[in-house]
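Some notes on the structure that comes next.
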Amino acid sequence: MPRTQRNDNFIDKSFTVMADIILKIMPTNKKAKEAFAYYRDGMSAQADGEYAEALENYYEALEIEEDPNDRSYILYNIGLIHASNGEHEKALDYYQQALEQNARLPQALNNVAVIYHYKGEKAKEAGDDDAGEAMFDKAAEYWKQAIRLAPNNYIEAQNWLKNTGRSEMDIFF
């Protein structure tokens, strides 16, 4: 049984009904509708913490989906799962693939920056200040890109950039 038929709360059921209606009336081809159904099931599984099931659905959607913008969101969500599982290198790979499909995805840029910042902190804790600073510099570059795309978001990153002297501008928004 598809995941969308197993939803047991009102909000999930309402979303599923609406998504099914939209899916039926969308003026898209059969492949795009099938890819969307897998993507929707992946999002539902991911929201429930069923990461293996979510990944299966996302990989199926990737096999079918042709639109670069839609592919970027699928790849981004795969990256989210790997990041939440502590698989930072895999997450970085999927975020980069998402950005190759859609360079205007600030949430992917932010998440890349978060991983580099985390790596910088770990390097500094291990006593490797040079490696830590290099990771912080990478994080700063990605955060600047994300902030340029979404200037009202990532306030903590904006403060960090300013406080560490990595900001080239005083105000982003």
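As shown in the structure tokens, the chain order sets the letters A, B, ...; within each chain, residues go from 1, and ligands are also counted from 1 in the order they appear.
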
Spatial neighbours of Trp143 in chain A, 7 Å, only C-alpha atoms, chain gap at least 2 places, as a PDB file with N, CA and C atoms, in the first residue's frame:
```pdb
ATOM      1  N   LEU A 109      22.703  25.810   0.272  1.00  0.00           N
ATOM      2  CA  LEU A 109      23.913  26.579   0.584  1.00  0.00           C
ATOM      3  C   LEU A 109      24.096  26.700   2.093  1.00  0.00           C
ATOM      4  N   ASN A 110      23.009  26.992   2.797  1.00  0.00           N
ATOM      5  CA  ASN A 110      23.074  27.093   4.257  1.00  0.00           C
ATOM      6  C   ASN A 110      23.522  25.777   4.877  1.00  0.00           C
ATOM      7  N   ALA A 113      27.136  25.174   4.485  1.00  0.00           N
ATOM      8  CA  ALA A 113      27.861  26.025   5.429  1.00  0.00           C
ATOM      9  C   ALA A 113      27.822  25.452   6.841  1.00  0.00           C
ATOM     10  N   ALA A 139      32.697  27.769   5.202  1.00  0.00           N
ATOM     11  CA  ALA A 139      31.341  27.997   5.701  1.00  0.00           C
ATOM     12  C   ALA A 139      30.907  29.424   5.389  1.00  0.00           C
ATOM     13  N   ALA A 140      31.793  30.376   5.604  1.00  0.00           N
ATOM     14  CA  ALA A 140      31.478  31.784   5.364  1.00  0.00           C
ATOM     15  C   ALA A 140      31.100  32.023   3.910  1.00  0.00           C
ATOM     16  N   GLU A 141      31.828  31.420   2.995  1.00  0.00           N
ATOM     17  CA  GLU A 141      31.528  31.623   1.569  1.00  0.00           C
ATOM     18  C   GLU A 141      30.132  31.100   1.222  1.00  0.00           C
ATOM     19  N   GLN A 145      26.598  33.335   0.139  1.00  0.00           N
ATOM     20  CA  GLN A 145      25.772  33.042  -1.034  1.00  0.00           C
ATOM     21  C   GLN A 145      24.309  32.848  -0.627  1.00  0.00           C
ATOM     22  N   ALA A 146      24.090  32.106   0.444  1.00  0.00           N
ATOM     23  CA  ALA A 146      22.723  31.852   0.911  1.00  0.00           C
ATOM     24  C   ALA A 146      22.043  33.154   1.309  1.00  0.00           C
ATOM     25  N   ILE A 147      22.769  34.014   1.989  1.00  0.00           N
ATOM     26  CA  ILE A 147      22.210  35.278   2.461  1.00  0.00           C
ATOM     27  C   ILE A 147      21.901  36.205   1.288  1.00  0.00           C
ATOM     28  N   ALA A 157      23.750  33.197  11.136  1.00  0.00           N
ATOM     29  CA  ALA A 157      24.909  33.159  10.245  1.00  0.00           C
ATOM     30  C   ALA A 157      25.398  34.575   9.957  1.00  0.00           C
TER      31      ALA A 157
END
```

Do a neighbour search on Ala35 in chain A at 6 Å with only C-alpha atoms, toss out local chain neighbours closer than 3 positions, and write the hits as a PyMOL selection string. chain A and resi 32+38+61+64-65

Would you output that residue set with C-alpha atoms, as a PDB file, in the first residue's frame?
```pdb
ATOM      1  CA  ALA A  32       6.193  13.855 -13.992  1.00  0.00           C
ATOM      2  CA  TYR A  38       7.318   9.163  -5.220  1.00  0.00           C
ATOM      3  CA  ALA A  61      11.666   9.934  -8.085  1.00  0.00           C
ATOM      4  CA  ILE A  64      11.929   9.453 -13.349  1.00  0.00           C
ATOM      5  CA  GLU A  65      12.130  13.213 -12.782  1.00  0.00           C
TER       6      GLU A  65
END
```

Could you please determine the separation between CA of Leu92 in chain A and CA of Ile115 in chain A in Å, to one decimal place?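 Atom-to-atom, CA of Leu92 in chain A and CA of Ile115 in chain A are spaced 7.8 Å apart.
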
So, counting only C-alpha atoms, which residue among A:Asn102, A:Ser167, A:Ser44, A:Asn152 is closest to Arg71 in chain A?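 Counting only C-alpha atoms, the residue closest to Arg71 in chain A is A:Asn102.
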